[in-house]
>>> print(open('query.cif').read())   # mmCIF, C-alpha atoms
data_my_file
#
loop_
_atom_site.group_PDB
_atom_site.id
_atom_site.type_symbol
_atom_site.label_atom_id
_atom_site.label_comp_id
_atom_site.auth_asym_id
_atom_site.auth_seq_id
_atom_site.Cartn_x
_atom_site.Cartn_y
_atom_site.Cartn_z
ATOM 1 C CA MET A 257 -6.533 29.576 71.664
ATOM 2 C CA THR A 258 -3.568 28.187 69.904
ATOM 3 C CA THR A 259 -4.917 24.670 69.888
ATOM 4 C CA THR A 260 -8.112 25.831 68.206
ATOM 5 C CA THR A 261 -6.528 27.608 65.245
ATOM 6 C CA ALA A 262 -3.947 24.999 64.278
ATOM 7 C CA PRO A 263 -6.384 22.267 63.204
ATOM 8 C CA LEU A 264 -8.381 24.698 61.067
ATOM 9 C CA ARG A 265 -5.303 25.701 59.141
ATOM 10 C CA VAL A 266 -4.453 22.072 58.543
ATOM 11 C CA VAL A 267 -7.935 21.344 57.226
ATOM 12 C CA VAL A 268 -7.794 24.238 54.789
ATOM 13 C CA GLU A 269 -4.405 23.227 53.408
ATOM 14 C CA SER A 270 -5.480 19.628 53.109
ATOM 15 C CA GLY A 271 -8.616 20.605 51.191
ATOM 16 C CA SER A 272 -6.565 22.700 48.812
ATOM 17 C CA ASP A 273 -4.308 19.733 47.911
ATOM 18 C CA VAL A 274 -7.250 17.480 47.275
ATOM 19 C CA GLY A 275 -8.841 20.075 45.043
ATOM 20 C CA ALA A 276 -5.680 20.428 42.979
ATOM 21 C CA LEU A 277 -5.403 16.680 42.719
ATOM 22 C CA VAL A 278 -8.994 16.373 41.546
ATOM 23 C CA VAL A 279 -8.463 19.096 38.973
ATOM 24 C CA ALA A 280 -5.282 17.385 37.747
ATOM 25 C CA ILE A 281 -7.030 14.032 37.457
ATOM 26 C CA ILE A 282 -9.901 15.593 35.538
ATOM 27 C CA ALA A 283 -7.422 17.316 33.200
ATOM 28 C CA VAL A 284 -5.584 14.062 32.535
ATOM 29 C CA VAL A 285 -8.852 12.211 31.908
ATOM 30 C CA LEU A 286 -10.052 14.899 29.518
ATOM 31 C CA ALA A 287 -6.732 14.989 27.651
ATOM 32 C CA THR A 288 -6.624 11.205 27.349
ATOM 33 C CA GLY A 289 -10.244 11.102 26.269
ATOM 34 C CA SER A 290 -9.681 13.785 23.663
ATOM 35 C CA LEU A 291 -6.677 11.951 22.225
ATOM 36 C CA ALA A 292 -8.555 8.662 22.210
ATOM 37 C CA TRP A 293 -11.499 10.324 20.489
ATOM 38 C CA GLN A 294 -9.246 11.829 17.820
ATOM 39 C CA ILE A 295 -7.627 8.469 17.135
ATOM 40 C CA ALA A 296 -10.962 6.658 17.120
ATOM 41 C CA SER A 297 -12.620 9.202 14.839
ATOM 42 C CA HIS A 298 -9.698 9.045 12.412
ATOM 43 C CA VAL A 299 -9.806 5.250 12.356
ATOM 44 C CA LEU A 300 -13.567 5.143 12.077
ATOM 45 C CA THR A 301 -14.156 7.920 9.583
ATOM 46 C CA GLY A 302 -10.972 8.244 7.526
ATOM 47 C CA PRO A 303 -10.088 6.317 4.369
ATOM 48 C CA ARG A 304 -8.563 2.927 4.980
ATOM 49 C CA LEU A 305 -6.726 1.420 2.045
ATOM 50 C CA LYS A 306 -5.607 -2.138 1.531
ATOM 51 C CA ALA A 307 -3.513 -3.253 -1.427
ATOM 52 C CA ARG A 308 -3.369 -6.780 -2.799
ATOM 53 C CA LEU A 309 -1.090 -8.064 -5.530
ATOM 54 C CA VAL A 310 -2.544 -9.942 -8.473
ATOM 55 C CA ARG A 311 -1.268 -11.334 -11.761
ATOM 56 C CA GLY A 312 -3.041 -10.865 -15.031
ATOM 57 C CA PHE A 313 -2.881 -11.405 -18.770
ATOM 58 C CA LYS A 314 -4.148 -9.169 -21.496
ATOM 59 C CA VAL A 315 -4.932 -9.664 -25.128
ATOM 60 C CA CYS A 316 -2.649 -7.429 -27.168
ATOM 61 C CA ASP A 317 -5.238 -5.581 -29.267
ATOM 62 C CA GLY A 318 -3.358 -2.313 -29.687
ATOM 63 C CA SER A 319 -5.754 -0.376 -27.460
ATOM 64 C CA ASP A 320 -2.921 0.942 -25.326
ATOM 65 C CA ASP A 321 -1.120 2.197 -28.413
ATOM 66 C CA ARG A 322 -4.273 3.869 -29.654
ATOM 67 C CA ALA A 323 -4.810 5.477 -26.252
ATOM 68 C CA ALA A 324 -1.256 6.780 -26.382
ATOM 69 C CA GLY A 325 -1.797 8.121 -29.899
ATOM 70 C CA ARG A 326 0.645 5.771 -31.580
ATOM 71 C CA MET B 141 -7.853 -12.234 -17.118
ATOM 72 C CA THR B 142 -6.338 -12.729 -13.694
ATOM 73 C CA ALA B 143 -4.266 -15.586 -12.349
ATOM 74 C CA PRO B 144 -2.987 -16.652 -8.938
ATOM 75 C CA LEU B 145 0.424 -15.404 -7.897
ATOM 76 C CA ASP B 146 1.809 -18.944 -7.753
ATOM 77 C CA VAL B 147 0.692 -19.871 -11.265
ATOM 78 C CA ASP B 148 2.872 -22.583 -12.757
ATOM 79 C CA PRO B 149 5.330 -21.452 -15.494
ATOM 80 C CA GLU B 150 3.937 -24.104 -17.854
ATOM 81 C CA MET B 151 0.457 -22.723 -17.260
ATOM 82 C CA VAL B 152 1.782 -19.274 -18.076
ATOM 83 C CA ASP B 153 3.107 -20.595 -21.394
ATOM 84 C CA TYR B 154 -0.271 -22.116 -22.129
ATOM 85 C CA ILE B 155 -2.099 -18.875 -21.315
ATOM 86 C CA LEU B 156 0.291 -16.940 -23.553
ATOM 87 C CA SER B 157 -0.313 -19.410 -26.376
ATOM 88 C CA GLN B 158 -4.049 -18.772 -26.100
ATOM 89 C CA GLY B 159 -3.649 -15.180 -27.211
ATOM 90 C CA TYR B 160 -3.234 -13.485 -23.839
ATOM 91 C CA THR B 161 0.183 -12.350 -24.860
ATOM 92 C CA MET B 162 0.692 -9.535 -22.364
ATOM 93 C CA PRO B 163 1.503 -10.650 -18.800
ATOM 94 C CA LEU B 164 0.500 -8.052 -16.265
ATOM 95 C CA LEU B 165 1.107 -7.284 -12.648
ATOM 96 C CA GLY B 166 -1.749 -5.627 -10.831
ATOM 97 C CA VAL B 167 -2.696 -4.165 -7.520
ATOM 98 C CA ILE B 168 -6.234 -4.239 -6.187
ATOM 99 C CA VAL B 169 -6.799 -1.313 -3.850
ATOM 100 C CA THR B 170 -9.787 -1.491 -1.517
ATOM 101 C CA ASN B 171 -11.023 1.381 0.584
ATOM 102 C CA THR B 172 -12.650 -0.017 3.730
ATOM 103 C CA GLY B 173 -12.791 3.352 5.461
ATOM 104 C CA ARG B 174 -15.639 5.832 5.606
ATOM 105 C CA MET B 175 -14.001 8.596 3.601
ATOM 106 C CA PRO B 176 -12.945 8.597 -0.043
ATOM 107 C CA ALA B 177 -9.296 8.596 -1.051
ATOM 108 C CA SER B 178 -7.579 9.547 -4.268
ATOM 109 C CA ILE B 179 -4.874 7.361 -5.752
ATOM 110 C CA GLY B 180 -2.187 9.479 -7.336
ATOM 111 C CA SER B 181 0.234 6.932 -8.735
ATOM 112 C CA HIS B 182 1.099 3.272 -8.918
ATOM 113 C CA SER B 183 4.341 1.478 -9.650
ATOM 114 C CA ALA B 184 6.226 -1.786 -9.368
ATOM 115 C CA LYS B 185 9.149 -1.808 -7.008
ATOM 116 C CA LEU B 186 12.096 -4.171 -6.560
ATOM 117 C CA ASP B 187 13.988 -5.071 -3.413
ATOM 118 C CA SER B 188 16.945 -3.232 -4.848
ATOM 119 C CA GLY B 189 15.010 0.023 -4.959
ATOM 120 C CA PHE B 190 14.463 0.125 -8.709
ATOM 121 C CA GLY B 191 10.938 0.978 -9.725
ATOM 122 C CA PHE B 192 8.802 1.091 -12.816
ATOM 123 C CA THR B 193 5.582 2.825 -13.676
ATOM 124 C CA ARG B 194 3.576 3.377 -16.791
ATOM 125 C CA LEU B 195 0.873 5.940 -16.627
ATOM 126 C CA GLY B 196 -2.050 6.211 -18.949
ATOM 127 C CA ALA B 197 -2.680 2.595 -19.844
ATOM 128 C CA ASP B 198 -6.287 2.433 -20.961
ATOM 129 C CA ILE B 199 -7.148 -0.419 -18.603
ATOM 130 C CA ASN B 200 -6.221 1.650 -15.569
ATOM 131 C CA PRO B 201 -8.402 4.189 -13.775
ATOM 132 C CA PRO B 202 -7.406 7.792 -14.495
ATOM 133 C CA ARG B 203 -4.733 9.520 -12.456
ATOM 134 C CA ASP B 204 -5.969 10.815 -9.088
ATOM 135 C CA HIS B 205 -8.800 8.329 -9.210
ATOM 136 C CA ARG B 206 -11.247 8.931 -6.373
ATOM 137 C CA LEU B 207 -11.748 5.704 -4.480
ATOM 138 C CA GLU B 208 -15.099 5.874 -2.726
ATOM 139 C CA PRO B 209 -15.695 4.181 0.648
ATOM 140 C CA TYR B 210 -16.221 0.444 0.409
ATOM 141 C CA SER B 211 -15.078 0.302 -3.190
ATOM 142 C CA SER B 212 -12.023 -1.030 -4.962
ATOM 143 C CA ALA B 213 -10.106 -0.477 -8.175
ATOM 144 C CA THR B 214 -7.256 -2.255 -9.914
ATOM 145 C CA TRP B 215 -4.154 -0.794 -11.503
ATOM 146 C CA TRP B 216 -2.072 -2.815 -13.946
ATOM 147 C CA ILE B 217 1.499 -2.703 -15.185
ATOM 148 C CA ASP B 218 2.997 -4.697 -18.039
ATOM 149 C CA LEU B 219 5.184 -7.408 -16.574
ATOM 150 C CA GLU B 220 7.628 -7.449 -19.474
ATOM 151 C CA PRO B 221 9.240 -4.053 -18.728
ATOM 152 C CA VAL B 222 9.458 -5.082 -15.090
ATOM 153 C CA GLU B 223 11.376 -8.203 -16.117
ATOM 154 C CA GLN B 224 13.615 -5.994 -18.256
ATOM 155 C CA MET B 225 14.158 -3.779 -15.248
ATOM 156 C CA VAL B 226 15.231 -6.787 -13.202
ATOM 157 C CA ASN B 227 17.693 -7.727 -15.937
ATOM 158 C CA LEU B 228 19.006 -4.173 -16.145
ATOM 159 C CA ALA B 229 19.444 -3.985 -12.389
ATOM 160 C CA ALA B 230 21.296 -7.307 -12.483
ATOM 161 C CA LYS B 231 24.082 -5.665 -14.490
ATOM 162 C CA ASP B 232 25.205 -4.561 -11.077
ATOM 163 C CA PRO B 233 26.518 -7.704 -9.349
ATOM 164 C CA ARG B 234 24.893 -6.581 -6.123
ATOM 165 C CA TYR B 235 21.484 -7.086 -7.721
ATOM 166 C CA ASN B 236 22.202 -10.162 -9.825
ATOM 167 C CA HIS B 237 19.911 -12.378 -7.825
ATOM 168 C CA PRO B 238 16.172 -13.086 -7.703
ATOM 169 C CA GLN B 239 14.234 -9.937 -6.995
ATOM 170 C CA HIS B 240 10.977 -9.598 -5.106
ATOM 171 C CA VAL B 241 8.584 -7.346 -6.989
ATOM 172 C CA ARG B 242 5.769 -5.561 -5.208
ATOM 173 C CA MET B 243 3.261 -2.987 -6.291
ATOM 174 C CA VAL B 244 3.095 0.407 -4.652
ATOM 175 C CA VAL B 245 0.232 2.874 -4.744
ATOM 176 C CA THR B 246 0.417 6.403 -3.457
ATOM 177 C CA PRO B 247 -2.789 8.040 -2.263
ATOM 178 C CA GLY B 248 -3.277 11.776 -1.916
ATOM 179 C CA THR B 249 -1.926 11.675 1.619
ATOM 180 C CA GLY B 250 1.469 10.820 0.148
ATOM 181 C CA LYS B 251 1.883 7.779 2.353
ATOM 182 C CA ALA B 252 2.721 4.966 -0.058
ATOM 183 C CA ILE B 253 1.054 1.598 0.385
ATOM 184 C CA THR B 254 3.006 -1.493 -0.642
ATOM 185 C CA THR B 255 1.512 -4.915 -1.212
ATOM 186 C CA LYS B 256 2.519 -7.544 1.306
ATOM 187 C CA GLU B 257 2.604 -10.168 -1.408
ATOM 188 C CA SER B 258 5.325 -10.233 -4.026
ATOM 189 C CA ILE B 259 6.429 -12.218 -7.017
ATOM 190 C CA VAL B 260 10.008 -13.292 -7.584
ATOM 191 C CA ILE B 261 11.709 -12.582 -10.885
ATOM 192 C CA VAL B 262 15.100 -14.118 -11.630
ATOM 193 C CA PRO B 263 17.486 -12.198 -13.931
ATOM 194 C CA ILE B 264 17.987 -14.009 -17.240
ATOM 195 C CA TRP B 265 21.727 -14.392 -16.704
ATOM 196 C CA ALA B 266 21.459 -15.608 -13.142
ATOM 197 C CA ALA B 267 22.363 -19.277 -12.727
ATOM 198 C CA GLY B 268 19.470 -21.573 -13.543
ATOM 199 C CA ALA B 269 17.112 -18.749 -14.359
ATOM 200 C CA ARG B 270 13.764 -19.807 -15.698
ATOM 201 C CA ASP B 271 11.064 -17.648 -14.351
ATOM 202 C CA ARG B 272 7.924 -15.863 -15.176
ATOM 203 C CA GLY B 273 7.359 -14.724 -11.666
ATOM 204 C CA GLY B 274 6.633 -17.062 -8.826
ATOM 205 C CA PRO B 275 5.121 -15.982 -5.549
ATOM 206 C CA GLY B 276 7.369 -14.335 -3.045
#
>>> encode(input="query.cif", output="C-alpha coordinates")
Amino acid sequence: MTTTTAPLRVVVESGSDVGALVVAIIAVVLATGSLAWQIASHVLTGPRLKARLVRGFKVCDGSDDRAAGR
Amino acid sequence: MTAPLDVDPEMVDYILSQGYTMPLLGVIVTNTGRMPASIGSHSAKLDSGFGFTRLGADINPPRDHRLEPYSSATWWIDLEPVEQMVNLAAKDPRYNHPQHVRMVVTPGTGKAITTKESIVIVPIWAAGARDRGGPG
(Lines of atoms letter the chains of each structure in order from A and count residues from 1; the text may use other names and numbers.)
(Lines give C-alpha, C1' and ligand atoms only; values in the text may rest on other atoms or scores of the structure.)
Protein backbone atom coordinates (compact mmCIF):
# COMPACT_ATOMS: atom_id res chain seq x y z
CA MET A 1 0.00 0.00 0.00
CA THR A 2 2.74 2.34 0.93
CA THR A 3 4.86 1.43 -2.05
CA THR A 4 2.00 2.24 -4.41
CA THR A 5 1.29 5.77 -3.19
CA ALA A 6 4.85 7.06 -2.96
CA PRO A 7 5.65 6.95 -6.69
CA LEU A 8 2.41 8.73 -7.58
CA ARG A 9 3.24 11.61 -5.30
CA VAL A 10 6.67 11.89 -6.84
CA VAL A 11 5.22 12.00 -10.35
CA VAL A 12 2.80 14.76 -9.44
CA GLU A 13 5.49 16.92 -7.85
CA SER A 14 7.82 16.36 -10.76
CA GLY A 15 5.13 17.38 -13.25
CA SER A 16 4.46 20.54 -11.30
CA ASP A 17 8.13 21.62 -11.51
CA VAL A 18 8.27 21.02 -15.21
CA GLY A 19 5.12 23.03 -15.73
CA ALA A 20 6.53 25.97 -13.79
CA LEU A 21 9.75 25.75 -15.73
CA VAL A 22 7.90 25.74 -19.04
CA VAL A 23 5.83 28.73 -17.97
CA ALA A 24 8.98 30.58 -16.88
CA ILE A 25 10.73 29.84 -20.16
CA ILE A 26 7.71 31.03 -22.13
CA ALA A 27 7.59 34.22 -20.04
CA VAL A 28 11.27 34.92 -20.65
CA VAL A 29 10.90 34.27 -24.38
CA LEU A 30 7.89 36.56 -24.60
CA ALA A 31 9.61 39.32 -22.62
CA THR A 32 12.76 39.08 -24.72
CA GLY A 33 10.73 39.01 -27.91
CA SER A 34 8.72 42.03 -26.85
CA LEU A 35 11.86 44.01 -26.03
CA ALA A 36 13.49 42.98 -29.29
CA TRP A 37 10.36 43.98 -31.19
CA GLN A 38 10.27 47.39 -29.51
CA ILE A 39 13.91 48.02 -30.34
CA ALA A 40 13.50 46.78 -33.91
CA SER A 41 10.35 48.81 -34.52
CA HIS A 42 12.02 51.94 -33.16
CA VAL A 43 15.07 51.41 -35.36
CA LEU A 44 13.01 50.54 -38.39
CA THR A 45 10.26 53.12 -38.13
CA GLY A 46 11.70 56.06 -36.18
CA PRO A 47 13.63 59.02 -37.60
CA ARG A 48 17.31 58.39 -38.10
CA LEU A 49 19.44 61.49 -38.49
CA LYS A 50 22.97 61.78 -39.76
CA ALA A 51 24.93 65.03 -39.74
CA ARG A 52 27.83 65.85 -42.02
CA LEU A 53 30.04 68.91 -41.88
CA VAL A 54 30.61 70.98 -44.99
CA ARG A 55 32.31 74.26 -45.86
CA GLY A 56 30.75 76.88 -48.03
CA PHE A 57 31.09 80.38 -49.43
CA LYS A 58 28.40 82.90 -50.06
CA VAL A 59 28.17 86.03 -52.13
CA CYS A 60 27.53 88.96 -49.81
CA ASP A 61 24.43 90.44 -51.46
CA GLY A 62 22.80 91.88 -48.35
CA SER A 63 19.96 89.35 -48.39
CA ASP A 64 20.60 88.37 -44.79
CA ASP A 65 20.44 92.00 -43.73
CA ARG A 66 17.21 92.48 -45.63
CA ALA A 67 15.76 89.35 -44.04
CA ALA A 68 16.70 90.72 -40.64
CA GLY A 69 15.11 94.07 -41.46
CA ARG A 70 18.35 96.04 -41.44
CA MET B 1 29.03 77.22 -53.16
CA THR B 2 30.47 74.37 -51.15
CA ALA B 3 34.06 73.29 -50.70
CA PRO B 4 35.84 70.30 -49.19
CA LEU B 5 36.81 70.51 -45.55
CA ASP B 6 40.51 70.27 -46.39
CA VAL B 7 40.46 73.11 -48.91
CA ASP B 8 43.85 74.77 -49.22
CA PRO B 9 44.18 78.25 -47.61
CA GLU B 10 45.44 79.67 -50.92
CA MET B 11 42.36 78.28 -52.63
CA VAL B 12 40.24 79.95 -49.97
CA ASP B 13 41.91 83.28 -50.77
CA TYR B 14 41.19 82.75 -54.44
CA ILE B 15 37.54 81.91 -53.79
CA LEU B 16 37.19 85.02 -51.62
CA SER B 17 38.73 87.14 -54.37
CA GLN B 18 36.10 85.87 -56.79
CA GLY B 19 33.32 87.56 -54.87
CA TYR B 20 32.34 84.75 -52.51
CA THR B 21 33.30 86.90 -49.60
CA MET B 22 31.41 85.11 -46.84
CA PRO B 23 32.96 81.82 -45.66
CA LEU B 24 30.39 79.51 -44.17
CA LEU B 25 30.29 76.39 -42.10
CA GLY B 26 27.40 74.08 -42.78
CA VAL B 27 25.83 70.89 -41.61
CA ILE B 28 23.94 68.57 -43.93
CA VAL B 29 21.34 66.62 -41.98
CA THR B 30 19.91 63.51 -43.61
CA ASN B 31 16.95 61.58 -42.28
CA THR B 32 17.33 57.93 -43.27
CA GLY B 33 14.58 56.75 -40.95
CA ARG B 34 10.93 56.13 -41.72
CA MET B 35 9.49 58.91 -39.59
CA PRO B 36 9.90 62.67 -39.98
CA ALA B 37 11.93 64.70 -37.51
CA SER B 38 11.96 68.39 -36.72
CA ILE B 39 15.22 70.27 -36.34
CA GLY B 40 14.93 72.87 -33.63
CA SER B 41 18.33 74.53 -33.63
CA HIS B 42 21.81 74.43 -35.05
CA SER B 43 25.09 75.81 -33.80
CA ALA B 44 28.86 75.63 -34.06
CA LYS B 45 30.66 74.27 -31.06
CA LEU B 46 34.30 74.37 -29.96
CA ASP B 47 36.28 71.83 -27.97
CA SER B 48 36.38 74.33 -25.16
CA GLY B 49 32.60 74.34 -24.88
CA PHE B 50 32.01 77.73 -26.47
CA GLY B 51 29.25 77.77 -29.04
CA PHE B 52 27.79 80.07 -31.63
CA THR B 53 24.49 80.18 -33.42
CA ARG B 54 22.74 82.60 -35.67
CA LEU B 55 19.10 82.02 -36.28
CA GLY B 56 17.10 83.39 -39.13
CA ALA B 57 19.66 83.51 -41.90
CA ASP B 58 17.68 83.47 -45.12
CA ILE B 59 19.65 80.57 -46.58
CA ASN B 60 18.64 78.29 -43.74
CA PRO B 61 15.41 76.32 -43.42
CA PRO B 62 12.98 77.83 -40.90
CA ARG B 63 13.19 76.95 -37.23
CA ASP B 64 11.59 73.60 -36.36
CA HIS B 65 12.02 72.51 -39.95
CA ARG B 66 10.27 69.19 -40.56
CA LEU B 67 12.73 66.78 -42.11
CA GLU B 68 10.78 64.16 -44.01
CA PRO B 69 12.00 60.55 -44.30
CA TYR B 70 14.76 60.07 -46.84
CA SER B 71 15.34 63.78 -47.22
CA SER B 72 18.08 66.16 -46.19
CA ALA B 73 18.55 69.85 -45.47
CA THR B 74 21.54 72.07 -44.84
CA TRP B 75 22.03 74.71 -42.17
CA TRP B 76 24.75 77.33 -42.49
CA ILE B 77 26.63 79.58 -40.10
CA ASP B 78 28.97 82.42 -40.98
CA LEU B 79 32.51 81.29 -40.32
CA GLU B 80 33.79 84.75 -39.42
CA PRO B 81 31.96 85.02 -36.07
CA VAL B 82 33.11 81.50 -35.28
CA GLU B 83 36.71 82.58 -35.86
CA GLN B 84 36.06 85.59 -33.63
CA MET B 85 34.71 83.24 -31.00
CA VAL B 86 37.89 81.18 -31.17
CA ASN B 87 39.93 84.36 -30.70
CA LEU B 88 37.75 85.47 -27.80
CA ALA B 89 38.03 82.08 -26.13
CA ALA B 90 41.81 82.23 -26.57
CA LYS B 91 41.94 85.19 -24.19
CA ASP B 92 41.85 82.47 -21.60
CA PRO B 93 45.27 80.76 -21.76
CA ARG B 94 43.58 77.40 -21.33
CA TYR B 95 41.98 77.82 -24.75
CA ASN B 96 44.80 79.57 -26.58
CA HIS B 97 45.42 76.68 -28.91
CA PRO B 98 43.88 75.35 -32.13
CA GLN B 99 40.23 74.57 -31.64
CA HIS B 100 38.19 71.87 -33.34
CA VAL B 101 34.89 73.27 -34.54
CA ARG B 102 31.91 71.01 -35.13
CA MET B 103 28.31 71.67 -35.99
CA VAL B 104 25.52 70.57 -33.71
CA VAL B 105 21.86 70.17 -34.57
CA THR B 106 19.14 69.53 -32.06
CA PRO B 107 16.03 67.69 -33.22
CA GLY B 108 12.70 67.77 -31.42
CA THR B 109 13.73 64.82 -29.28
CA GLY B 110 16.29 67.09 -27.63
CA LYS B 111 19.14 64.69 -28.27
CA ALA B 112 21.80 66.80 -29.97
CA ILE B 113 23.64 65.39 -32.97
CA THR B 114 27.23 66.48 -33.51
CA THR B 115 29.16 66.07 -36.73
CA LYS B 116 32.02 63.61 -36.59
CA GLU B 117 34.08 65.81 -38.86
CA SER B 118 35.55 69.08 -37.67
CA ILE B 119 37.66 71.94 -38.89
CA VAL B 120 40.55 73.37 -36.93
CA ILE B 121 40.76 77.10 -36.31
CA VAL B 122 43.91 78.58 -34.80
CA PRO B 123 43.58 81.74 -32.67
CA ILE B 124 45.18 84.75 -34.37
CA TRP B 125 47.65 85.30 -31.54
CA ALA B 126 48.68 81.68 -31.25
CA ALA B 127 52.23 81.01 -32.44
CA GLY B 128 52.42 80.59 -36.20
CA ALA B 129 48.72 81.07 -36.71
CA ARG B 130 47.62 81.19 -40.30
CA ASP B 131 44.38 79.43 -40.74
CA ARG B 132 41.08 79.54 -42.43
CA GLY B 133 40.00 76.23 -41.09
CA GLY B 134 41.66 72.99 -42.00
CA PRO B 135 40.08 69.61 -41.50
CA GLY B 136 40.13 68.16 -38.04
>>> atom_distance(input="query.cif", atom1="atom CA of Glu208 of chain B", atom2="atom CA of Ile295 of chain A")
21.4 Å
>>> residues_around(input="query.cif", residues="segment 232-234 of chain B", least_positions_apart="5", cutoff="12 Å", atoms="all atoms listed in the file", output="ChimeraX atom specification")
/B:187-190,225-227,239,263,265-266
>>> resolve_selection(input="query.cif", expression="the PyMOL selection byres ((chain B) within 9 of (chain A))", output="number ranges by chain")
B: 141-145, 147, 155-156, 159-177, 196-199, 208-209, 216, 218-219, 242-245, 247, 253-259
>>> closest_residue(input="query.cif", among="B:Pro202, B:Gln158, B:Glu223, B:Ser212", to="Val260 of chain B", atoms="all atoms listed in the file")
B:Glu223
>>> atom_distance(input="query.cif", atom1="atom CA of Gly180 of chain B", atom2="atom CA of Thr249 of chain B")
9.2 Å
>>> atom_distance(input="query.cif", atom1="atom CA of Leu186 of chain B", atom2="atom CA of Lys251 of chain B")
18.1 Å
>>> resolve_selection(input="query.cif", expression="the PyMOL selection byres ((chain B and resi 205) around 6)", output="VMD selection string")
chain B and resid 178 to 179 202 to 204 206
